[in-house]
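S.K.: Next up, data-v4.pdb (PDB, N, CA and C atoms, pLDDT in the B column).
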ATOM      1  N   MET A  50     101.840 -28.298 -38.285  1.00 62.00           N
ATOM      2  CA  MET A  50     102.193 -28.973 -37.054  1.00 62.00           C
ATOM      3  C   MET A  50     100.996 -29.794 -36.581  1.00 62.00           C
ATOM      4  N   ALA A  51     101.235 -31.041 -36.263  1.00 82.00           N
ATOM      5  CA  ALA A  51     100.153 -31.932 -35.861  1.00 82.00           C
ATOM      6  C   ALA A  51      99.615 -31.542 -34.493  1.00 82.00           C
ATOM      7  N   ASN A  52      98.371 -31.884 -34.249  1.00 92.00           N
ATOM      8  CA  ASN A  52      97.704 -31.523 -33.007  1.00 92.00           C
ATOM      9  C   ASN A  52      97.722 -32.704 -32.038  1.00 92.00           C
ATOM     10  N   PHE A  53      98.925 -33.175 -31.646  1.00 96.00           N
ATOM     11  CA  PHE A  53      99.087 -34.306 -30.760  1.00 96.00           C
ATOM     12  C   PHE A  53      99.997 -33.950 -29.597  1.00 96.00           C
ATOM     13  N   CYS A  54      99.730 -34.551 -28.449  1.00 96.00           N
ATOM     14  CA  CYS A  54     100.576 -34.361 -27.275  1.00 96.00           C
ATOM     15  C   CYS A  54     101.869 -35.140 -27.461  1.00 96.00           C
ATOM     16  N   TYR A  55     102.998 -34.510 -27.138  1.00 95.00           N
ATOM     17  CA  TYR A  55     104.305 -35.138 -27.295  1.00 95.00           C
ATOM     18  C   TYR A  55     104.483 -36.287 -26.304  1.00 95.00           C
ATOM     19  N   ILE A  56     103.891 -36.196 -25.114  1.00 94.00           N
ATOM     20  CA  ILE A  56     104.088 -37.192 -24.064  1.00 94.00           C
ATOM     21  C   ILE A  56     103.147 -38.383 -24.228  1.00 94.00           C
ATOM     22  N   CYS A  57     101.836 -38.135 -24.246  1.00 95.00           N
ATOM     23  CA  CYS A  57     100.865 -39.236 -24.227  1.00 95.00           C
ATOM     24  C   CYS A  57     100.270 -39.546 -25.591  1.00 95.00           C
ATOM     25  N   GLY A  58     100.469 -38.667 -26.572  1.00 95.00           N
ATOM     26  CA  GLY A  58      99.956 -38.924 -27.912  1.00 95.00           C
ATOM     27  C   GLY A  58      98.494 -38.593 -28.099  1.00 95.00           C
ATOM     28  N   LYS A  59      97.907 -37.887 -27.132  1.00 96.00           N
ATOM     29  CA  LYS A  59      96.489 -37.528 -27.243  1.00 96.00           C
ATOM     30  C   LYS A  59      96.282 -36.615 -28.446  1.00 96.00           C
ATOM     31  N   GLY A  60      95.246 -36.916 -29.232  1.00 97.00           N
ATOM     32  CA  GLY A  60      94.943 -36.131 -30.416  1.00 97.00           C
ATOM     33  C   GLY A  60      93.491 -35.707 -30.434  1.00 97.00           C
ATOM     34  N   PRO A  61      93.020 -35.159 -31.545  1.00 97.00           N
ATOM     35  CA  PRO A  61      91.643 -34.706 -31.634  1.00 97.00           C
ATOM     36  C   PRO A  61      90.656 -35.863 -31.567  1.00 97.00           C
ATOM     37  N   GLY A  62      89.509 -35.600 -30.927  1.00 96.00           N
ATOM     38  CA  GLY A  62      88.412 -36.552 -30.914  1.00 96.00           C
ATOM     39  C   GLY A  62      87.319 -36.050 -31.839  1.00 96.00           C
ATOM     40  N   VAL A  63      86.392 -36.933 -32.205  1.00 97.00           N
ATOM     41  CA  VAL A  63      85.307 -36.537 -33.093  1.00 97.00           C
ATOM     42  C   VAL A  63      83.973 -36.747 -32.403  1.00 97.00           C
ATOM     43  N   GLY A  64      83.005 -35.935 -32.795  1.00 97.00           N
ATOM     44  CA  GLY A  64      81.670 -36.028 -32.231  1.00 97.00           C
ATOM     45  C   GLY A  64      80.714 -35.234 -33.099  1.00 97.00           C
ATOM     46  N   ASN A  65      79.607 -34.835 -32.518  1.00 98.00           N
ATOM     47  CA  ASN A  65      78.582 -34.112 -33.255  1.00 98.00           C
ATOM     48  C   ASN A  65      78.246 -32.798 -32.571  1.00 98.00           C
ATOM     49  N   HIS A  66      77.987 -31.750 -33.377  1.00 97.00           N
ATOM     50  CA  HIS A  66      77.265 -30.580 -32.914  1.00 97.00           C
ATOM     51  C   HIS A  66      75.803 -30.989 -32.924  1.00 97.00           C
ATOM     52  N   VAL A  67      75.073 -30.724 -31.857  1.00 97.00           N
ATOM     53  CA  VAL A  67      73.654 -31.048 -31.826  1.00 97.00           C
ATOM     54  C   VAL A  67      72.894 -29.760 -31.553  1.00 97.00           C
ATOM     55  N   SER A  68      72.034 -29.360 -32.488  1.00 97.00           N
ATOM     56  CA  SER A  68      71.279 -28.122 -32.348  1.00 97.00           C
ATOM     57  C   SER A  68      70.015 -28.376 -31.525  1.00 97.00           C
ATOM     58  N   ASN A  69      69.283 -27.295 -31.244  1.00 98.00           N
ATOM     59  CA  ASN A  69      68.019 -27.431 -30.519  1.00 98.00           C
ATOM     60  C   ASN A  69      66.999 -28.236 -31.317  1.00 98.00           C
ATOM     61  N   ALA A  70      67.090 -28.186 -32.642  1.00 98.00           N
ATOM     62  CA  ALA A  70      66.191 -28.965 -33.499  1.00 98.00           C
ATOM     63  C   ALA A  70      66.709 -30.381 -33.711  1.00 98.00           C
ATOM     64  N   ASN A  71      67.756 -30.750 -32.966  1.00 98.00           N
ATOM     65  CA  ASN A  71      68.380 -32.081 -33.011  1.00 98.00           C
ATOM     66  C   ASN A  71      69.034 -32.376 -34.357  1.00 98.00           C
ATOM     67  N   ASN A  72      69.421 -31.302 -35.076  1.00 98.00           N
ATOM     68  CA  ASN A  72      70.231 -31.489 -36.275  1.00 98.00           C
ATOM     69  C   ASN A  72      71.645 -31.796 -35.839  1.00 98.00           C
ATOM     70  N   ARG A  73      72.295 -32.704 -36.550  1.00 98.00           N
ATOM     71  CA  ARG A  73      73.647 -33.112 -36.167  1.00 98.00           C
ATOM     72  C   ARG A  73      74.615 -32.864 -37.303  1.00 98.00           C
ATOM     73  N   ARG A  74      75.795 -32.378 -36.942  1.00 97.00           N
ATOM     74  CA  ARG A  74      76.873 -32.258 -37.904  1.00 97.00           C
ATOM     75  C   ARG A  74      78.176 -32.519 -37.179  1.00 97.00           C
ATOM     76  N   LYS A  75      79.169 -32.928 -37.905  1.00 98.00           N
ATOM     77  CA  LYS A  75      80.427 -33.356 -37.312  1.00 98.00           C
ATOM     78  C   LYS A  75      81.221 -32.186 -36.737  1.00 98.00           C
ATOM     79  N   ARG A  76      81.959 -32.460 -35.681  1.00 97.00           N
ATOM     80  CA  ARG A  76      82.869 -31.491 -35.099  1.00 97.00           C
ATOM     81  C   ARG A  76      84.070 -32.228 -34.541  1.00 97.00           C
ATOM     82  N   ARG A  77      85.093 -31.465 -34.195  1.00 96.00           N
ATOM     83  CA  ARG A  77      86.301 -32.054 -33.601  1.00 96.00           C
ATOM     84  C   ARG A  77      86.520 -31.467 -32.224  1.00 96.00           C
ATOM     85  N   PHE A  78      86.888 -32.317 -31.273  1.00 96.00           N
ATOM     86  CA  PHE A  78      87.263 -31.895 -29.932  1.00 96.00           C
ATOM     87  C   PHE A  78      88.792 -31.867 -29.893  1.00 96.00           C
ATOM     88  N   MET A  79      89.362 -30.666 -29.782  1.00 96.00           N
ATOM     89  CA  MET A  79      90.815 -30.534 -29.795  1.00 96.00           C
ATOM     90  C   MET A  79      91.389 -30.642 -28.384  1.00 96.00           C
ATOM     91  N   PRO A  80      92.546 -31.303 -28.220  1.00 96.00           N
ATOM     92  CA  PRO A  80      93.175 -31.355 -26.904  1.00 96.00           C
ATOM     93  C   PRO A  80      93.747 -29.992 -26.534  1.00 96.00           C
ATOM     94  N   ASN A  81      93.834 -29.723 -25.243  1.00 97.00           N
ATOM     95  CA  ASN A  81      94.363 -28.450 -24.757  1.00 97.00           C
ATOM     96  C   ASN A  81      95.889 -28.555 -24.698  1.00 97.00           C
ATOM     97  N   LEU A  82      96.540 -28.155 -25.778  1.00 97.00           N
ATOM     98  CA  LEU A  82      97.994 -28.262 -25.883  1.00 97.00           C
ATOM     99  C   LEU A  82      98.655 -26.928 -25.561  1.00 97.00           C
ATOM    100  N   GLN A  83      99.768 -27.003 -24.852  1.00 96.00           N
ATOM    101  CA  GLN A  83     100.560 -25.834 -24.510  1.00 96.00           C
ATOM    102  C   GLN A  83     101.989 -26.083 -24.969  1.00 96.00           C
ATOM    103  N   ARG A  84     102.647 -25.021 -25.419  1.00 96.00           N
ATOM    104  CA  ARG A  84     104.069 -25.143 -25.785  1.00 96.00           C
ATOM    105  C   ARG A  84     104.906 -24.938 -24.537  1.00 96.00           C
ATOM    106  N   VAL A  85     105.705 -25.930 -24.175  1.00 95.00           N
ATOM    107  CA  VAL A  85     106.556 -25.854 -22.988  1.00 95.00           C
ATOM    108  C   VAL A  85     107.964 -26.296 -23.355  1.00 95.00           C
ATOM    109  N   ARG A  86     108.921 -25.787 -22.579  1.00 95.00           N
ATOM    110  CA  ARG A  86     110.295 -26.255 -22.716  1.00 95.00           C
ATOM    111  C   ARG A  86     110.473 -27.427 -21.776  1.00 95.00           C
ATOM    112  N   ILE A  87     111.002 -28.540 -22.295  1.00 93.00           N
ATOM    113  CA  ILE A  87     111.240 -29.704 -21.453  1.00 93.00           C
ATOM    114  C   ILE A  87     112.713 -30.071 -21.526  1.00 93.00           C
ATOM    115  N   VAL A  88     113.159 -30.819 -20.523  1.00 90.00           N
ATOM    116  CA  VAL A  88     114.518 -31.356 -20.519  1.00 90.00           C
ATOM    117  C   VAL A  88     114.400 -32.853 -20.731  1.00 90.00           C
ATOM    118  N   GLU A  89     115.012 -33.328 -21.811  1.00 86.00           N
ATOM    119  CA  GLU A  89     114.937 -34.743 -22.150  1.00 86.00           C
ATOM    120  C   GLU A  89     116.335 -35.211 -22.526  1.00 86.00           C
ATOM    121  N   GLU A  90     116.891 -36.119 -21.719  1.00 87.00           N
ATOM    122  CA  GLU A  90     118.246 -36.628 -21.942  1.00 87.00           C
ATOM    123  C   GLU A  90     119.253 -35.486 -22.012  1.00 87.00           C
ATOM    124  N   SER A  91     119.151 -34.584 -21.060  1.00 87.00           N
ATOM    125  CA  SER A  91     120.014 -33.400 -20.902  1.00 87.00           C
ATOM    126  C   SER A  91     119.967 -32.470 -22.124  1.00 87.00           C
ATOM    127  N   VAL A  92     118.903 -32.535 -22.901  1.00 89.00           N
ATOM    128  CA  VAL A  92     118.715 -31.644 -24.047  1.00 89.00           C
ATOM    129  C   VAL A  92     117.417 -30.886 -23.840  1.00 89.00           C
ATOM    130  N   ARG A  93     117.458 -29.553 -24.000  1.00 91.00           N
ATOM    131  CA  ARG A  93     116.243 -28.745 -23.887  1.00 91.00           C
ATOM    132  C   ARG A  93     115.540 -28.707 -25.228  1.00 91.00           C
ATOM    133  N   ARG A  94     114.223 -28.894 -25.198  1.00 91.00           N
ATOM    134  CA  ARG A  94     113.435 -28.820 -26.419  1.00 91.00           C
ATOM    135  C   ARG A  94     112.141 -28.087 -26.112  1.00 91.00           C
ATOM    136  N   ARG A  95     111.541 -27.530 -27.133  1.00 94.00           N
ATOM    137  CA  ARG A  95     110.235 -26.905 -26.993  1.00 94.00           C
ATOM    138  C   ARG A  95     109.228 -27.797 -27.715  1.00 94.00           C
ATOM    139  N   VAL A  96     108.255 -28.325 -26.965  1.00 95.00           N
ATOM    140  CA  VAL A  96     107.289 -29.266 -27.525  1.00 95.00           C
ATOM    141  C   VAL A  96     105.887 -28.862 -27.106  1.00 95.00           C
ATOM    142  N   ARG A  97     104.897 -29.482 -27.746  1.00 96.00           N
ATOM    143  CA  ARG A  97     103.495 -29.243 -27.402  1.00 96.00           C
ATOM    144  C   ARG A  97     103.017 -30.398 -26.529  1.00 96.00           C
ATOM    145  N   VAL A  98     102.533 -30.051 -25.320  1.00 96.00           N
ATOM    146  CA  VAL A  98     102.146 -31.050 -24.325  1.00 96.00           C
ATOM    147  C   VAL A  98     100.747 -30.709 -23.837  1.00 96.00           C
ATOM    148  N   CYS A  99      99.899 -31.726 -23.597  1.00 96.00           N
ATOM    149  CA  CYS A  99      98.554 -31.469 -23.101  1.00 96.00           C
ATOM    150  C   CYS A  99      98.618 -31.090 -21.625  1.00 96.00           C
ATOM    151  N   THR A 100      97.618 -30.337 -21.180  1.00 96.00           N
ATOM    152  CA  THR A 100      97.613 -29.844 -19.805  1.00 96.00           C
ATOM    153  C   THR A 100      97.456 -30.973 -18.804  1.00 96.00           C
ATOM    154  N   ARG A 101      96.862 -32.073 -19.192  1.00 96.00           N
ATOM    155  CA  ARG A 101      96.734 -33.212 -18.279  1.00 96.00           C
ATOM    156  C   ARG A 101      98.107 -33.785 -17.929  1.00 96.00           C
ATOM    157  N   CYS A 102      99.015 -33.849 -18.904  1.00 95.00           N
ATOM    158  CA  CYS A 102     100.375 -34.334 -18.638  1.00 95.00           C
ATOM    159  C   CYS A 102     101.146 -33.340 -17.777  1.00 95.00           C
ATOM    160  N   ILE A 103     100.921 -32.041 -17.994  1.00 95.00           N
ATOM    161  CA  ILE A 103     101.606 -31.023 -17.187  1.00 95.00           C
ATOM    162  C   ILE A 103     101.147 -31.117 -15.742  1.00 95.00           C
ATOM    163  N   LYS A 104      99.831 -31.238 -15.517  1.00 95.00           N
ATOM    164  CA  LYS A 104      99.302 -31.329 -14.152  1.00 95.00           C
ATOM    165  C   LYS A 104      99.743 -32.600 -13.457  1.00 95.00           C
ATOM    166  N   ALA A 105      99.864 -33.708 -14.199  1.00 95.00           N
ATOM    167  CA  ALA A 105     100.234 -34.995 -13.611  1.00 95.00           C
ATOM    168  C   ALA A 105     101.724 -35.087 -13.308  1.00 95.00           C
ATOM    169  N   GLY A 106     102.511 -34.102 -13.751  1.00 93.00           N
ATOM    170  CA  GLY A 106     103.945 -34.113 -13.471  1.00 93.00           C
ATOM    171  C   GLY A 106     104.736 -35.019 -14.388  1.00 93.00           C
ATOM    172  N   LYS A 107     104.207 -35.357 -15.544  1.00 92.00           N
ATOM    173  CA  LYS A 107     104.920 -36.206 -16.491  1.00 92.00           C
ATOM    174  C   LYS A 107     105.963 -35.442 -17.281  1.00 92.00           C
ATOM    175  N   VAL A 108     105.996 -34.118 -17.102  1.00 91.00           N
ATOM    176  CA  VAL A 108     106.900 -33.248 -17.859  1.00 91.00           C
ATOM    177  C   VAL A 108     107.926 -32.663 -16.916  1.00 91.00           C
ATOM    178  N   VAL A 109     109.203 -32.763 -17.290  1.00 88.00           N
ATOM    179  CA  VAL A 109     110.269 -32.094 -16.532  1.00 88.00           C
ATOM    180  C   VAL A 109     110.564 -30.810 -17.268  1.00 88.00           C
ATOM    181  N   LYS A 110     110.109 -29.689 -16.679  1.00 86.00           N
ATOM    182  CA  LYS A 110     110.276 -28.411 -17.336  1.00 86.00           C
ATOM    183  C   LYS A 110     111.718 -27.926 -17.226  1.00 86.00           C
ATOM    184  N   GLY A 111     112.174 -27.244 -18.264  1.00 79.00           N
ATOM    185  CA  GLY A 111     113.509 -26.660 -18.287  1.00 79.00           C
ATOM    186  C   GLY A 111     113.398 -25.155 -18.345  1.00 79.00           C
ATOM    187  N   ALA A 112     114.369 -24.486 -17.749  1.00 69.00           N
ATOM    188  CA  ALA A 112     114.349 -23.027 -17.717  1.00 69.00           C
ATOM    189  C   ALA A 112     114.750 -22.446 -19.052  1.00 69.00           C
TER     190      ALA A 112
END
Written as structure tokens, how would this file's structure read?
M.R.:
Amino acid sequence: MANFCYICGKGPGVGNHVSNANNRRKRRFMPNLQRVRIVEESVRRRVRVCTRCIKAGKVVKGA
């Protein structure tokens, strides 16, 4: 399963781990995805949505 938000399409970012000795190696910043039930066109689905979309009210949750 891909690590992308269903609403906004946010995915992993890339950057560096930086140690105290200033050694650098690659790392990934993962989005904070939650599985929620949404109502879309009168159909309930379970999708992965980032918490920013949930807080902003872009998701219509279904029971």
S.K.: Using only C-alpha atoms, determine which residues lie at most 12 Å from A:Arg94, disregarding the query and same-chain residues fewer than 2 positions distant; provide the list as a list in words.
M.R.: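 These residues fall inside the cut-off: Tyr55, Arg84, Val85, Arg86, Ile87, Val88, Glu89, Glu90, Ser91, Val92, Val96, Arg97, Val98, Val108, Val109, Lys110, Gly111 and Ala112 of chain A.
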S.K.: Measuring between all atoms listed in the file, which one of A:Leu82, A:Ala51, A:Gly64, A:Asn72 shows the shortest distance to A:Cys99?
M.R.: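 The shortest atom-to-atom distance to A:Cys99 comes from A:Leu82.
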S.K.: I'd like the contact shell of A:Gly60 - 6 Å cut-off, all atoms listed in the file, skipping same-chain residues fewer than 3 positions apart - returned as a list in words.
M.R.: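 Close residues of A:Gly60: Asn52, Phe53, Cys54, Met79 and Pro80 of chain A.
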S.K.: Determine which residues of chain A receive a DSSP assignment of strand (DSSP E), computed from the backbone, and state them as a count of residues only.
M.R.: 28
S.K.: Quick one: axis-aligned box around all listed atoms of stretch 66-76 of chain A, 8 Å on every side, centre and edge lengths in Å to one decimal, written as JSON.
M.R.:
{"center_x": 75.1, "center_y": -30.3, "center_z": -34.2, "size_x": 33.9, "size_y": 22.1, "size_z": 23.4}
S.K.: Could you go through chain A and tell me which residues DSSP, when run on the backbone, assigns to helix (DSSP H, G or I), listing them as an mmCIF file with N, CA and C atoms, keeping the file's coordinate frame?
M.R.:
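Saved as selection-v6.cif:
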data_model
loop_
_atom_site.group_PDB
_atom_site.id
_atom_site.type_symbol
_atom_site.label_atom_id
_atom_site.label_comp_id
_atom_site.auth_asym_id
_atom_site.auth_seq_id
_atom_site.Cartn_x
_atom_site.Cartn_y
_atom_site.Cartn_z
ATOM 1 N N THR A 100 97.618 -30.337 -21.180
ATOM 2 C CA THR A 100 97.613 -29.844 -19.805
ATOM 3 C C THR A 100 97.456 -30.973 -18.804
ATOM 4 N N ARG A 101 96.862 -32.073 -19.192
ATOM 5 C CA ARG A 101 96.734 -33.212 -18.279
ATOM 6 C C ARG A 101 98.107 -33.785 -17.929
ATOM 7 N N CYS A 102 99.015 -33.849 -18.904
ATOM 8 C CA CYS A 102 100.375 -34.334 -18.638
ATOM 9 C C CYS A 102 101.146 -33.340 -17.777
ATOM 10 N N ILE A 103 100.921 -32.041 -17.994
ATOM 11 C CA ILE A 103 101.606 -31.023 -17.187
ATOM 12 C C ILE A 103 101.147 -31.117 -15.742
ATOM 13 N N LYS A 104 99.831 -31.238 -15.517
ATOM 14 C CA LYS A 104 99.302 -31.329 -14.152
ATOM 15 C C LYS A 104 99.743 -32.600 -13.457
ATOM 16 N N ALA A 105 99.864 -33.708 -14.199
ATOM 17 C CA ALA A 105 100.234 -34.995 -13.611
ATOM 18 C C ALA A 105 101.724 -35.087 -13.308
#
S.K.: Would you mind listing what lies within 6.5 Å of A:Asn65 as a short mmCIF file (atom, residue, chain, number, x, y, z; two decimals) with N, CA and C atoms, in the coordinates of the input, with all atoms listed in the file counted and same-chain residues fewer than 4 positions away left out?
M.R.:
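Result written to out_22.cif:
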data_model
loop_
_atom_site.label_atom_id
_atom_site.label_comp_id
_atom_site.auth_asym_id
_atom_site.auth_seq_id
_atom_site.Cartn_x
_atom_site.Cartn_y
_atom_site.Cartn_z
N ARG A 73 72.30 -32.70 -36.55
CA ARG A 73 73.65 -33.11 -36.17
C ARG A 73 74.61 -32.86 -37.30
N ARG A 74 75.80 -32.38 -36.94
CA ARG A 74 76.87 -32.26 -37.90
C ARG A 74 78.18 -32.52 -37.18
N LYS A 75 79.17 -32.93 -37.90
CA LYS A 75 80.43 -33.36 -37.31
C LYS A 75 81.22 -32.19 -36.74
N ARG A 76 81.96 -32.46 -35.68
CA ARG A 76 82.87 -31.49 -35.10
C ARG A 76 84.07 -32.23 -34.54
#
S.K.: Any idea what the distance is between atom CA of A:Val63 and atom C of A:Gly106?
M.R.: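 Separation between atom CA of A:Val63 and atom C of A:Gly106: 27.0 Å.
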S.K.: Can you give me N, CA, C and O atoms for stretch 76-95 of chain A, written as a PDB file, keeping the file's coordinate frame?
M.R.:
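Output saved as rebuild-v4.pdb:
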ATOM      1  N   ARG A  76      81.959 -32.460 -35.681  1.00 97.00           N
ATOM      2  CA  ARG A  76      82.869 -31.491 -35.099  1.00 97.00           C
ATOM      3  C   ARG A  76      84.070 -32.228 -34.541  1.00 97.00           C
ATOM      4  O   ARG A  76      84.063 -33.459 -34.445  1.00 97.00           O
ATOM      5  N   ARG A  77      85.093 -31.465 -34.195  1.00 96.00           N
ATOM      6  CA  ARG A  77      86.301 -32.054 -33.601  1.00 96.00           C
ATOM      7  C   ARG A  77      86.520 -31.467 -32.224  1.00 96.00           C
ATOM      8  O   ARG A  77      86.375 -30.276 -32.013  1.00 96.00           O
ATOM      9  N   PHE A  78      86.888 -32.317 -31.273  1.00 96.00           N
ATOM     10  CA  PHE A  78      87.263 -31.895 -29.932  1.00 96.00           C
ATOM     11  C   PHE A  78      88.792 -31.867 -29.893  1.00 96.00           C
ATOM     12  O   PHE A  78      89.436 -32.916 -29.982  1.00 96.00           O
ATOM     13  N   MET A  79      89.362 -30.666 -29.782  1.00 96.00           N
ATOM     14  CA  MET A  79      90.815 -30.534 -29.795  1.00 96.00           C
ATOM     15  C   MET A  79      91.389 -30.642 -28.384  1.00 96.00           C
ATOM     16  O   MET A  79      90.796 -30.123 -27.433  1.00 96.00           O
ATOM     17  N   PRO A  80      92.546 -31.303 -28.220  1.00 96.00           N
ATOM     18  CA  PRO A  80      93.175 -31.355 -26.904  1.00 96.00           C
ATOM     19  C   PRO A  80      93.747 -29.992 -26.534  1.00 96.00           C
ATOM     20  O   PRO A  80      94.090 -29.193 -27.409  1.00 96.00           O
ATOM     21  N   ASN A  81      93.834 -29.723 -25.243  1.00 97.00           N
ATOM     22  CA  ASN A  81      94.363 -28.450 -24.757  1.00 97.00           C
ATOM     23  C   ASN A  81      95.889 -28.555 -24.698  1.00 97.00           C
ATOM     24  O   ASN A  81      96.459 -29.010 -23.714  1.00 97.00           O
ATOM     25  N   LEU A  82      96.540 -28.155 -25.778  1.00 97.00           N
ATOM     26  CA  LEU A  82      97.994 -28.262 -25.883  1.00 97.00           C
ATOM     27  C   LEU A  82      98.655 -26.928 -25.561  1.00 97.00           C
ATOM     28  O   LEU A  82      98.159 -25.871 -25.951  1.00 97.00           O
ATOM     29  N   GLN A  83      99.768 -27.003 -24.852  1.00 96.00           N
ATOM     30  CA  GLN A  83     100.560 -25.834 -24.510  1.00 96.00           C
ATOM     31  C   GLN A  83     101.989 -26.083 -24.969  1.00 96.00           C
ATOM     32  O   GLN A  83     102.481 -27.217 -24.891  1.00 96.00           O
ATOM     33  N   ARG A  84     102.647 -25.021 -25.419  1.00 96.00           N
ATOM     34  CA  ARG A  84     104.069 -25.143 -25.785  1.00 96.00           C
ATOM     35  C   ARG A  84     104.906 -24.938 -24.537  1.00 96.00           C
ATOM     36  O   ARG A  84     104.816 -23.902 -23.889  1.00 96.00           O
ATOM     37  N   VAL A  85     105.705 -25.930 -24.175  1.00 95.00           N
ATOM     38  CA  VAL A  85     106.556 -25.854 -22.988  1.00 95.00           C
ATOM     39  C   VAL A  85     107.964 -26.296 -23.355  1.00 95.00           C
ATOM     40  O   VAL A  85     108.169 -27.066 -24.282  1.00 95.00           O
ATOM     41  N   ARG A  86     108.921 -25.787 -22.579  1.00 95.00           N
ATOM     42  CA  ARG A  86     110.295 -26.255 -22.716  1.00 95.00           C
ATOM     43  C   ARG A  86     110.473 -27.427 -21.776  1.00 95.00           C
ATOM     44  O   ARG A  86     110.151 -27.351 -20.596  1.00 95.00           O
ATOM     45  N   ILE A  87     111.002 -28.540 -22.295  1.00 93.00           N
ATOM     46  CA  ILE A  87     111.240 -29.704 -21.453  1.00 93.00           C
ATOM     47  C   ILE A  87     112.713 -30.071 -21.526  1.00 93.00           C
ATOM     48  O   ILE A  87     113.430 -29.671 -22.446  1.00 93.00           O
ATOM     49  N   VAL A  88     113.159 -30.819 -20.523  1.00 90.00           N
ATOM     50  CA  VAL A  88     114.518 -31.356 -20.519  1.00 90.00           C
ATOM     51  C   VAL A  88     114.400 -32.853 -20.731  1.00 90.00           C
ATOM     52  O   VAL A  88     113.742 -33.555 -19.965  1.00 90.00           O
ATOM     53  N   GLU A  89     115.012 -33.328 -21.811  1.00 86.00           N
ATOM     54  CA  GLU A  89     114.937 -34.743 -22.150  1.00 86.00           C
ATOM     55  C   GLU A  89     116.335 -35.211 -22.526  1.00 86.00           C
ATOM     56  O   GLU A  89     116.912 -34.743 -23.502  1.00 86.00           O
ATOM     57  N   GLU A  90     116.891 -36.119 -21.719  1.00 87.00           N
ATOM     58  CA  GLU A  90     118.246 -36.628 -21.942  1.00 87.00           C
ATOM     59  C   GLU A  90     119.253 -35.486 -22.012  1.00 87.00           C
ATOM     60  O   GLU A  90     120.058 -35.404 -22.920  1.00 87.00           O
ATOM     61  N   SER A  91     119.151 -34.584 -21.060  1.00 87.00           N
ATOM     62  CA  SER A  91     120.014 -33.400 -20.902  1.00 87.00           C
ATOM     63  C   SER A  91     119.967 -32.470 -22.124  1.00 87.00           C
ATOM     64  O   SER A  91     120.914 -31.732 -22.371  1.00 87.00           O
ATOM     65  N   VAL A  92     118.903 -32.535 -22.901  1.00 89.00           N
ATOM     66  CA  VAL A  92     118.715 -31.644 -24.047  1.00 89.00           C
ATOM     67  C   VAL A  92     117.417 -30.886 -23.840  1.00 89.00           C
ATOM     68  O   VAL A  92     116.384 -31.480 -23.531  1.00 89.00           O
ATOM     69  N   ARG A  93     117.458 -29.553 -24.000  1.00 91.00           N
ATOM     70  CA  ARG A  93     116.243 -28.745 -23.887  1.00 91.00           C
ATOM     71  C   ARG A  93     115.540 -28.707 -25.228  1.00 91.00           C
ATOM     72  O   ARG A  93     116.175 -28.522 -26.257  1.00 91.00           O
ATOM     73  N   ARG A  94     114.223 -28.894 -25.198  1.00 91.00           N
ATOM     74  CA  ARG A  94     113.435 -28.820 -26.419  1.00 91.00           C
ATOM     75  C   ARG A  94     112.141 -28.087 -26.112  1.00 91.00           C
ATOM     76  O   ARG A  94     111.690 -28.082 -24.987  1.00 91.00           O
ATOM     77  N   ARG A  95     111.541 -27.530 -27.133  1.00 94.00           N
ATOM     78  CA  ARG A  95     110.235 -26.905 -26.993  1.00 94.00           C
ATOM     79  C   ARG A  95     109.228 -27.797 -27.715  1.00 94.00           C
ATOM     80  O   ARG A  95     109.349 -28.029 -28.914  1.00 94.00           O
TER      81      ARG A  95
END
